[in-house]
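*Asks:* data.cif (mmCIF, C-alpha atoms) pasted underneath:
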data_my_file
loop_
_atom_site.label_atom_id
_atom_site.label_comp_id
_atom_site.auth_asym_id
_atom_site.auth_seq_id
_atom_site.Cartn_x
_atom_site.Cartn_y
_atom_site.Cartn_z
CA MET A 5 54.52 -18.47 32.82
CA PHE A 6 57.98 -20.05 33.08
CA THR A 7 59.40 -17.86 35.85
CA GLU A 8 59.47 -20.58 38.51
CA ALA A 9 60.46 -23.29 36.00
CA ILE A 10 63.50 -21.29 34.89
CA ALA A 11 64.49 -20.63 38.50
CA ARG A 12 64.35 -24.37 39.25
CA ALA A 13 65.97 -25.62 36.06
CA GLY A 14 68.70 -23.00 36.27
CA LYS A 15 69.95 -24.68 39.42
CA PHE A 16 70.77 -27.97 37.67
CA THR A 17 71.67 -26.67 34.19
CA ILE A 18 75.42 -26.17 33.77
CA PRO A 19 77.54 -24.80 30.91
CA VAL A 20 79.99 -26.87 28.89
CA VAL A 21 82.68 -24.46 27.66
CA ILE A 22 85.09 -26.01 25.13
CA SER A 23 88.19 -23.86 24.61
CA SER A 24 90.70 -24.38 21.82
CA ARG A 25 93.77 -22.73 20.32
CA THR A 26 94.92 -23.28 16.75
CA VAL A 27 98.42 -23.46 15.32
CA ALA A 28 97.84 -19.91 14.04
CA GLY A 29 97.22 -18.81 17.65
CA LYS A 30 93.48 -18.20 17.37
CA CYS A 31 91.57 -18.94 20.59
CA ARG A 32 87.85 -19.63 20.66
CA CYS A 33 85.11 -21.26 22.72
CA GLU A 34 82.20 -23.50 21.81
CA ILE A 35 79.38 -23.59 24.37
CA GLY A 36 76.91 -26.34 25.20
CA ALA A 37 74.88 -27.33 28.24
CA GLY A 38 74.41 -30.21 30.63
CA VAL A 39 71.97 -31.37 33.31
CA VAL A 40 73.24 -32.53 36.72
CA VAL A 41 71.05 -35.55 37.50
CA ASN A 42 71.81 -36.35 41.14
CA PRO A 43 74.12 -35.59 44.12
CA ASP A 44 76.68 -38.10 42.85
CA GLY A 45 77.62 -35.67 40.08
CA TRP A 46 76.18 -37.52 37.08
CA VAL A 47 75.57 -35.22 34.12
CA LEU A 48 73.46 -35.64 30.99
CA THR A 49 74.37 -33.84 27.78
CA ALA A 50 74.15 -34.27 24.02
CA ALA A 51 76.45 -36.90 22.52
CA HIS A 52 77.47 -34.48 19.75
CA VAL A 53 78.89 -32.15 22.42
CA LEU A 54 81.19 -34.96 23.58
CA ALA A 55 81.98 -35.80 19.95
CA LEU A 56 83.34 -32.26 19.49
CA ILE A 57 85.39 -32.62 22.67
CA ARG A 58 86.79 -35.95 21.50
CA SER A 59 87.67 -34.64 18.04
CA GLN A 60 89.62 -31.75 19.54
CA GLN A 61 91.40 -34.06 21.97
CA GLU A 62 92.45 -36.30 19.09
CA ALA A 63 93.68 -33.28 17.11
CA VAL A 64 95.82 -32.15 20.04
CA GLN A 65 97.25 -35.65 20.50
CA ALA A 66 98.12 -35.85 16.81
CA PHE A 67 99.75 -32.42 16.92
CA ARG A 68 101.88 -33.30 19.94
CA ALA A 69 102.87 -36.67 18.44
CA ARG A 70 104.46 -35.04 15.40
CA PRO A 71 108.23 -35.47 15.22
CA PRO A 72 110.17 -32.26 15.75
CA ALA A 73 111.08 -30.44 12.57
CA ALA A 74 114.63 -31.12 11.40
CA PRO A 75 116.89 -28.05 11.28
CA ASP A 76 117.34 -26.62 7.80
CA THR A 77 121.09 -26.85 7.17
CA ALA A 78 120.92 -26.90 3.39
CA PRO A 79 122.43 -23.94 1.51
CA LYS A 80 119.99 -21.32 0.30
CA ARG A 81 118.58 -22.01 -3.15
CA SER A 82 116.76 -19.88 -5.63
CA TRP A 83 112.98 -19.84 -5.50
CA LEU A 84 112.88 -21.74 -8.78
CA ALA A 85 115.09 -24.50 -7.42
CA ARG A 86 112.97 -24.71 -4.28
CA ARG A 87 109.82 -24.88 -6.35
CA ARG A 88 111.19 -27.73 -8.43
CA SER A 89 112.48 -29.64 -5.45
CA ARG A 90 110.51 -32.48 -4.00
CA LYS A 91 108.23 -31.77 -1.05
CA ARG A 92 109.24 -32.88 2.40
CA PRO A 93 107.60 -36.05 3.76
CA ALA A 94 104.07 -35.43 5.08
CA GLU A 95 105.10 -36.03 8.66
CA GLU A 96 107.63 -33.18 8.44
CA GLU A 97 105.28 -30.69 6.85
CA ALA A 98 104.11 -27.84 9.01
CA PRO A 99 100.56 -28.37 10.31
CA ALA A 100 97.80 -26.26 8.82
CA PRO A 101 97.08 -22.99 10.66
CA GLU A 102 93.58 -24.15 11.67
CA VAL A 103 94.81 -27.34 13.38
CA VAL A 104 93.92 -27.42 17.10
CA ARG A 105 97.05 -27.54 19.25
CA ASP A 106 95.60 -26.86 22.73
CA HIS A 107 92.21 -27.72 24.19
CA SER A 108 90.30 -27.80 27.48
CA VAL A 109 86.75 -28.23 28.79
CA TRP A 110 85.13 -26.32 31.66
CA TRP A 111 82.03 -27.93 33.20
CA GLY A 112 80.94 -24.87 35.14
CA THR A 113 83.38 -25.50 37.98
CA ASP A 114 87.16 -25.39 38.08
CA GLY A 115 89.11 -28.64 38.06
CA ALA A 116 86.21 -30.99 37.27
CA ALA A 117 86.38 -33.58 34.48
CA LEU A 118 83.76 -35.93 33.06
CA GLN A 119 84.49 -39.60 33.70
CA ASP A 120 82.73 -42.97 33.24
CA VAL A 121 80.97 -41.78 30.09
CA THR A 122 78.22 -43.86 28.47
CA LEU A 123 76.83 -42.95 25.05
CA ASP A 124 73.54 -43.52 23.28
CA ALA A 125 74.53 -42.35 19.80
CA ALA A 126 71.16 -43.16 18.22
CA ASN A 127 69.49 -40.65 20.53
CA ASP A 128 72.34 -38.11 20.71
CA LEU A 129 72.68 -38.75 24.45
CA ALA A 130 75.62 -39.02 26.82
CA VAL A 131 75.93 -39.38 30.56
CA GLY A 132 79.06 -39.17 32.69
CA ARG A 133 80.22 -38.42 36.22
CA LEU A 134 81.87 -35.15 37.19
CA GLN A 135 84.95 -35.66 39.32
CA PRO A 136 85.56 -33.97 41.69
CA PHE A 137 82.01 -32.89 42.48
CA ASP A 138 80.56 -31.04 45.46
CA PRO A 139 76.83 -31.86 45.82
CA GLN A 140 76.35 -28.56 47.65
CA GLN A 141 76.89 -26.80 44.33
CA ILE A 142 73.41 -27.89 43.20
CA SER A 143 70.49 -26.81 45.37
CA TYR A 144 67.78 -28.49 43.27
CA TYR A 145 67.99 -31.67 41.19
CA PRO A 146 65.74 -32.36 38.20
CA VAL A 147 62.46 -34.21 37.93
CA PHE A 148 61.89 -36.11 34.67
CA LYS A 149 58.61 -36.49 32.82
CA ARG A 150 57.18 -40.02 32.84
CA PRO A 151 57.65 -41.55 29.36
CA ASP A 152 54.08 -42.92 29.47
CA GLY A 153 52.63 -39.56 30.48
CA ASP A 154 50.61 -37.07 28.44
CA TYR A 155 52.64 -35.93 25.41
CA ARG A 156 49.79 -34.49 23.39
CA PRO A 157 50.75 -31.60 21.09
CA GLY A 158 50.09 -28.08 22.31
CA ARG A 159 51.93 -28.14 25.64
CA SER A 160 54.06 -25.05 26.25
CA LEU A 161 57.69 -25.92 26.89
CA CYS A 162 60.83 -23.91 27.52
CA ARG A 163 64.37 -24.72 26.38
CA LEU A 164 67.36 -23.60 28.46
CA GLY A 165 70.99 -23.08 27.55
CA PHE A 166 73.63 -20.40 27.14
CA SER A 167 72.88 -18.78 23.79
CA PHE A 168 74.11 -15.40 22.54
CA HIS A 169 77.00 -15.36 25.00
CA ASP A 170 80.36 -15.25 23.25
CA ILE A 171 83.57 -16.05 25.12
CA VAL A 172 86.99 -15.28 23.67
CA PRO A 173 89.59 -16.98 25.88
CA THR A 174 93.30 -16.32 26.08
CA TYR A 175 96.04 -18.91 26.47
CA ASP A 176 98.63 -18.61 29.24
CA GLU A 177 101.83 -20.23 27.95
CA ALA A 178 103.47 -20.30 31.39
CA ARG A 179 100.54 -22.09 33.02
CA GLN A 180 99.56 -23.97 29.85
CA ALA A 181 95.95 -23.10 30.55
CA PHE A 182 93.08 -21.18 29.02
CA LEU A 183 91.85 -18.08 30.80
CA LEU A 184 88.24 -16.95 30.46
CA PRO A 185 87.55 -13.21 30.70
CA ALA A 186 86.32 -12.21 34.15
CA ASP A 187 83.08 -10.78 32.79
CA SER A 188 82.25 -13.95 30.83
CA VAL A 189 81.37 -16.10 33.87
CA PRO A 190 78.96 -17.07 35.25
CA LEU A 191 77.23 -17.65 31.93
CA PRO A 192 73.70 -16.24 31.77
CA LEU A 193 70.88 -18.63 30.97
CA PHE A 194 68.89 -18.00 27.81
CA PRO A 195 65.35 -19.44 27.96
CA PHE A 196 63.37 -19.92 24.75
CA GLU A 197 59.77 -21.11 24.83
CA GLY A 198 57.82 -23.05 22.22
CA MET A 199 54.97 -25.50 21.71
CA LEU A 200 55.23 -29.27 21.63
CA VAL A 201 54.33 -30.09 18.03
CA ARG A 202 54.73 -33.86 17.59
CA MET A 203 56.78 -36.97 18.29
CA LEU A 204 59.59 -37.87 15.89
CA ARG A 205 61.54 -40.96 14.92
CA CYS A 206 64.58 -39.69 13.04
CA PRO A 207 68.39 -39.98 12.91
CA SER A 208 70.35 -37.92 15.42
CA PRO A 209 73.59 -36.00 14.68
CA THR A 210 75.55 -38.92 16.14
CA ALA A 211 73.47 -41.81 14.75
CA GLU A 212 75.29 -44.64 12.99
CA ASN A 213 74.06 -47.09 10.36
CA GLY A 214 70.77 -45.28 9.85
CA GLU A 215 69.61 -45.78 13.45
CA LEU A 216 66.52 -43.81 14.45
CA GLY A 217 66.14 -42.02 17.76
CA THR A 218 63.06 -41.00 19.73
CA PHE A 219 62.51 -37.24 19.89
CA ILE A 220 59.98 -34.51 20.40
CA GLU A 221 59.64 -31.57 18.03
CA THR A 222 58.98 -28.01 19.18
CA SER A 223 57.67 -25.01 17.27
CA THR A 224 60.83 -22.98 17.95
CA PRO A 225 64.40 -23.96 17.07
CA GLY A 226 67.23 -24.86 19.36
CA LEU A 227 69.89 -22.17 19.51
CA ARG A 228 73.66 -22.29 19.58
CA GLY A 229 74.68 -22.84 23.20
CA GLN A 230 71.59 -24.92 24.09
CA SER A 231 72.80 -28.35 22.94
CA GLY A 232 72.37 -30.79 25.82
CA GLY A 233 70.21 -28.35 27.78
CA PRO A 234 66.82 -29.25 29.28
CA ILE A 235 63.39 -28.69 27.72
CA VAL A 236 61.00 -28.19 30.64
CA ASP A 237 57.33 -27.50 31.36
CA VAL A 238 55.95 -24.76 33.61
CA ASN A 239 56.85 -26.83 36.68
CA GLY A 240 60.47 -27.25 35.63
CA THR A 241 59.97 -30.95 34.83
CA ILE A 242 62.29 -32.20 32.07
CA TRP A 243 60.44 -33.49 29.00
CA ALA A 244 63.49 -33.69 26.72
CA LEU A 245 67.09 -32.63 26.14
CA GLN A 246 67.95 -30.35 23.24
CA SER A 247 69.59 -32.26 20.37
CA HIS A 248 69.41 -30.36 17.10
CA THR A 249 67.36 -28.12 14.81
CA ARG A 250 65.51 -29.14 11.65
CA HIS A 251 64.88 -26.85 8.69
CA TYR A 252 61.73 -27.43 6.65
CA PRO A 253 61.55 -25.69 3.23
CA LEU A 254 58.37 -23.63 2.93
CA ASP A 255 58.29 -23.69 -0.88
CA PHE A 256 56.74 -20.25 -1.09
CA LYS A 257 56.69 -19.02 -4.68
CA PRO A 258 58.38 -16.99 -6.01
CA GLN A 259 60.40 -16.48 -2.79
CA PRO A 260 63.21 -19.09 -2.69
CA HIS A 261 65.19 -20.47 0.23
CA GLN A 262 62.71 -19.87 3.04
CA PHE A 263 62.57 -22.38 5.87
CA LEU A 264 60.70 -23.14 9.08
CA ASN A 265 63.21 -23.89 11.83
CA VAL A 266 62.01 -26.25 14.57
CA GLY A 267 63.71 -27.71 17.62
CA VAL A 268 64.32 -31.41 18.21
CA GLY A 269 64.80 -32.75 21.74
CA VAL A 270 65.56 -36.25 22.99
CA HIS A 271 62.36 -37.75 24.43
CA ALA A 272 62.30 -38.68 28.14
CA GLU A 273 61.98 -42.40 27.29
CA PRO A 274 65.55 -42.87 25.95
CA ILE A 275 66.87 -40.49 28.63
CA LEU A 276 65.48 -42.62 31.45
CA ARG A 277 66.46 -45.82 29.67
CA LEU A 278 70.08 -44.60 29.61
CA LEU A 279 69.97 -43.64 33.29
CA ASP A 280 68.55 -47.07 34.17
CA ARG A 281 71.20 -48.75 32.04
CA VAL A 282 73.95 -47.05 34.03
CA GLY A 283 72.11 -47.70 37.31
CA LEU A 284 71.60 -44.09 38.38
CA GLU A 285 69.13 -42.62 40.82
CA TYR A 286 66.84 -39.87 39.55
CA ARG A 287 63.51 -38.24 40.33
CA LEU A 288 60.46 -39.14 38.28
CA GLY A 289 57.41 -36.91 37.96
CA ARG A 290 54.03 -37.39 36.31
#
Take the structure I supplied and represent it as structure tokens, if you would.
*Replies:*
Amino acid sequence: MFTEAIARAGKFTIPVVISSRTVAGKCRCEIGAGVVVNPDGWVLTAAHVLALIRSQQEAVQAFRARPPAAPDTAPKRSWLARRRSRKRPAEEEAPAPEVVRDHSVWWGTDGAALQDVTLDAANDLAVGRLQPFDPQQISYYPVFKRPDGDYRPGRSLCRLGFSFHDIVPTYDEARQAFLLPADSVPLPLFPFEGMLVRMLRCPSPTAENGELGTFIETSTPGLRGQSGGPIVDVNGTIWALQSHTRHYPLDFKPQPHQFLNVGVGVHAEPILRLLDRVGLEYRLGR
């Protein structure tokens, strides 16, 4: 059913690979997704993906701003004397092993960075421009569902992203860069179909002050690696962008802790409103 839709949407769906290294030396990747909107390199993704990027950037800046540790010239003391001694000032204390000391983001192409970012926190949306960007990289650009179109429950939809694909990077000290294993790219798409269940007004992961966003709910959950990815119909038209997953308790007795997991995607209306706000060109379907 979704064969052609996946082929089309796969051309404009890109990975967001966020690499980090901790003080303890542990390297890891978090994976999200983005949608390339037009030949100018504008990309939509989930705002919480950019929030993770920003938090890691701030952690790296704080780590690098620490004053260098003073050399220990004091004579050796017994463990009891050291235990009774006062602690060093906080700024001289060694950072915790889990603190992020190095960080980078790969947007599916080497050397590209996201610039001119605009956020819609209430709807967990972000849009920015990849620079540099070669429009020849994308052979098909998306079509978006009309916000005033038919959104009746029961429509089959398919969510795209890069789930169940683990990447363990290494860090090259000489180049000060992360290296992804050769067999880890390109990232394979993971499609996951479900039914449109209902419209939602609810807070997003990035909402502030109790703001409510406009979402659709699907009968299957979003998966790790699909945040910011498109939710499309059988024609490949984008109806929503994956935001988060909700967990409804089933209250089956006497079986405790059973939940129904459903997906929540940002409705086309706030998506197109954000694109209009930035003044971007895009394709609109039915």
*Asks:* Using atom CA of A:Gly214 and atom CA of A:Ala125 as the two end points, give the distance in Å to one decimal.
*Replies:*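 Computing it gives 11.0 Å between the two atoms.
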*Asks:* Please report the interatomic distance between atom CA of A:Leu161 and atom CA of A:Ser223 in Å with one decimal.
*Replies:* 9.7 Å
*Asks:* Find the residue from A:Gln60, A:Gln135, A:Asn239, A:Ser231 that sits nearest to A:Phe6; use only C-alpha atoms when measuring.
*Replies:*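 The answer is A:Asn239, which sits nearest to A:Phe6.
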*Asks:* Just the number, please: distance in Å from atom CA of A:Ile57 to atom CA of A:Glu285, one decimal.
*Replies:*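 Separating atom CA of A:Ile57 from atom CA of A:Glu285 is a distance of 26.3 Å.
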*Asks:* Can you translate the PyMOL selection byres ((chain A and resi 204-212) around 10) into the concrete residues it hits in this file, as a CSV table (one decimal) with C-alpha atoms, keeping the file's coordinate frame?
*Replies:*
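Contents of selection_5.csv, as written:
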chain,number,residue,atom,x,y,z
A,50,ALA,CA,74.2,-34.3,24.0
A,51,ALA,CA,76.4,-36.9,22.5
A,52,HIS,CA,77.5,-34.5,19.8
A,53,VAL,CA,78.9,-32.2,22.4
A,55,ALA,CA,82.0,-35.8,20.0
A,123,LEU,CA,76.8,-43.0,25.0
A,124,ASP,CA,73.5,-43.5,23.3
A,125,ALA,CA,74.5,-42.4,19.8
A,126,ALA,CA,71.2,-43.2,18.2
A,127,ASN,CA,69.5,-40.6,20.5
A,128,ASP,CA,72.3,-38.1,20.7
A,129,LEU,CA,72.7,-38.8,24.4
A,201,VAL,CA,54.3,-30.1,18.0
A,202,ARG,CA,54.7,-33.9,17.6
A,203,MET,CA,56.8,-37.0,18.3
A,213,ASN,CA,74.1,-47.1,10.4
A,214,GLY,CA,70.8,-45.3,9.8
A,215,GLU,CA,69.6,-45.8,13.4
A,216,LEU,CA,66.5,-43.8,14.4
A,217,GLY,CA,66.1,-42.0,17.8
A,218,THR,CA,63.1,-41.0,19.7
A,219,PHE,CA,62.5,-37.2,19.9
A,220,ILE,CA,60.0,-34.5,20.4
A,221,GLU,CA,59.6,-31.6,18.0
A,247,SER,CA,69.6,-32.3,20.4
A,248,HIS,CA,69.4,-30.4,17.1
A,268,VAL,CA,64.3,-31.4,18.2
A,269,GLY,CA,64.8,-32.8,21.7
A,270,VAL,CA,65.6,-36.2,23.0
A,271,HIS,CA,62.4,-37.8,24.4
*Asks:* Counting all atoms listed in the file, which residue out of A:Leu191, A:Ala130, A:Ile235, A:Leu284 sits closest to A:Thr222?
*Replies:*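 Looking at the shortest contact to A:Thr222, the residue is A:Ile235.
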*Asks:* From the list A:Ile10, A:Lys149, A:Pro136, A:Pro185, which residue is nearest A:Leu276 when using only C-alpha atoms?
*Replies:*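 Of A:Ile10, A:Lys149, A:Pro136, A:Pro185, the one nearest A:Leu276 is A:Lys149, counting only C-alpha atoms.
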*Asks:* Nearest to A:Ser24: which of A:Asp106, A:Asp44, A:Asp138, A:Glu197 is it, counting all atoms listed in the file?
*Replies:* A:Asp106
*Asks:* Between A:Ala9, A:Thr17, A:Arg25, A:Lys257, which is the closest to A:Asp176 once you count all atoms listed in the file?
*Replies:*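 Counting all atoms listed in the file, the residue closest to A:Asp176 is A:Arg25.
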*Asks:* I'd like the neighbourhood of A:Glu102 as a PDB file with C-alpha atoms, in the coordinates of the input, where a residue qualifies if any of its atoms comes within 12 Å (using all atoms listed in the file), though same-chain residues fewer than 5 positions away should be ignored.
*Replies:*
ATOM      1  CA  SER A  24      90.700 -24.380  21.820  1.00  0.00           C
ATOM      2  CA  ARG A  25      93.770 -22.730  20.320  1.00  0.00           C
ATOM      3  CA  THR A  26      94.920 -23.280  16.750  1.00  0.00           C
ATOM      4  CA  VAL A  27      98.420 -23.460  15.320  1.00  0.00           C
ATOM      5  CA  ALA A  28      97.840 -19.910  14.040  1.00  0.00           C
ATOM      6  CA  GLY A  29      97.220 -18.810  17.650  1.00  0.00           C
ATOM      7  CA  LYS A  30      93.480 -18.200  17.370  1.00  0.00           C
ATOM      8  CA  CYS A  31      91.570 -18.940  20.590  1.00  0.00           C
ATOM      9  CA  ARG A  32      87.850 -19.630  20.660  1.00  0.00           C
ATOM     10  CA  GLN A  60      89.620 -31.750  19.540  1.00  0.00           C
ATOM     11  CA  ALA A  63      93.680 -33.280  17.110  1.00  0.00           C
ATOM     12  CA  VAL A  64      95.820 -32.150  20.040  1.00  0.00           C
ATOM     13  CA  PHE A  67      99.750 -32.420  16.920  1.00  0.00           C
TER      14      PHE A  67
END
*Asks:* Between A:Glu177, A:Asp152, A:Asp170, A:Glu97, which residue has the minimum interatomic distance to A:Arg290, considering all atoms listed in the file?
*Replies:*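 Of all the options, A:Asp152 lies closest to A:Arg290.
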*Asks:* On this structure, the PyMOL selection byres ((chain A and resi 189) around 12) would catch which residues? List them as a JSON list (two decimals) with C-alpha atoms, in the frame of the given file, sorted by chain and number.
*Replies:*
[["chain", "number", "residue", "atom", "x", "y", "z"],
["A", 18, "ILE", "CA", 75.42, -26.17, 33.77],
["A", 19, "PRO", "CA", 77.54, -24.80, 30.91],
["A", 20, "VAL", "CA", 79.99, -26.87, 28.89],
["A", 21, "VAL", "CA", 82.68, -24.46, 27.66],
["A", 110, "TRP", "CA", 85.13, -26.32, 31.66],
["A", 111, "TRP", "CA", 82.03, -27.93, 33.20],
["A", 112, "GLY", "CA", 80.94, -24.87, 35.14],
["A", 113, "THR", "CA", 83.38, -25.50, 37.98],
["A", 114, "ASP", "CA", 87.16, -25.39, 38.08],
["A", 166, "PHE", "CA", 73.63, -20.40, 27.14],
["A", 169, "HIS", "CA", 77.00, -15.36, 25.00],
["A", 170, "ASP", "CA", 80.36, -15.25, 23.25],
["A", 171, "ILE", "CA", 83.57, -16.05, 25.12],
["A", 172, "VAL", "CA", 86.99, -15.28, 23.67],
["A", 173, "PRO", "CA", 89.59, -16.98, 25.88],
["A", 183, "LEU", "CA", 91.85, -18.08, 30.80],
["A", 184, "LEU", "CA", 88.24, -16.95, 30.46],
["A", 185, "PRO", "CA", 87.55, -13.21, 30.70],
["A", 186, "ALA", "CA", 86.32, -12.21, 34.15],
["A", 187, "ASP", "CA", 83.08, -10.78, 32.79],
["A", 188, "SER", "CA", 82.25, -13.95, 30.83],
["A", 190, "PRO", "CA", 78.96, -17.07, 35.25],
["A", 191, "LEU", "CA", 77.23, -17.65, 31.93],
["A", 192, "PRO", "CA", 73.70, -16.24, 31.77],
["A", 193, "LEU", "CA", 70.88, -18.63, 30.97]]
*Asks:* Show me as a list in words the residues that reach within 6 Å of (62.0, -23.4, 22.5), counting all atoms listed in the file and using the file's own coordinates.
*Replies:*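 Checked against the point, the hits come out as Cys162, Arg163, Phe196, Glu197, Gly198, Thr224 and Pro225 of chain A.
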*Asks:* On this structure, the PyMOL selection byres ((chain A and resi 229) around 6) would catch which residues? List them as a list in words, sorted by chain and number.
*Replies:*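 Output of the PyMOL selection byres ((chain A and resi 229) around 6): Ile35, Gly36, Gly165, Phe166, Ser167, Arg228, Gln230 and Ser231 of chain A.
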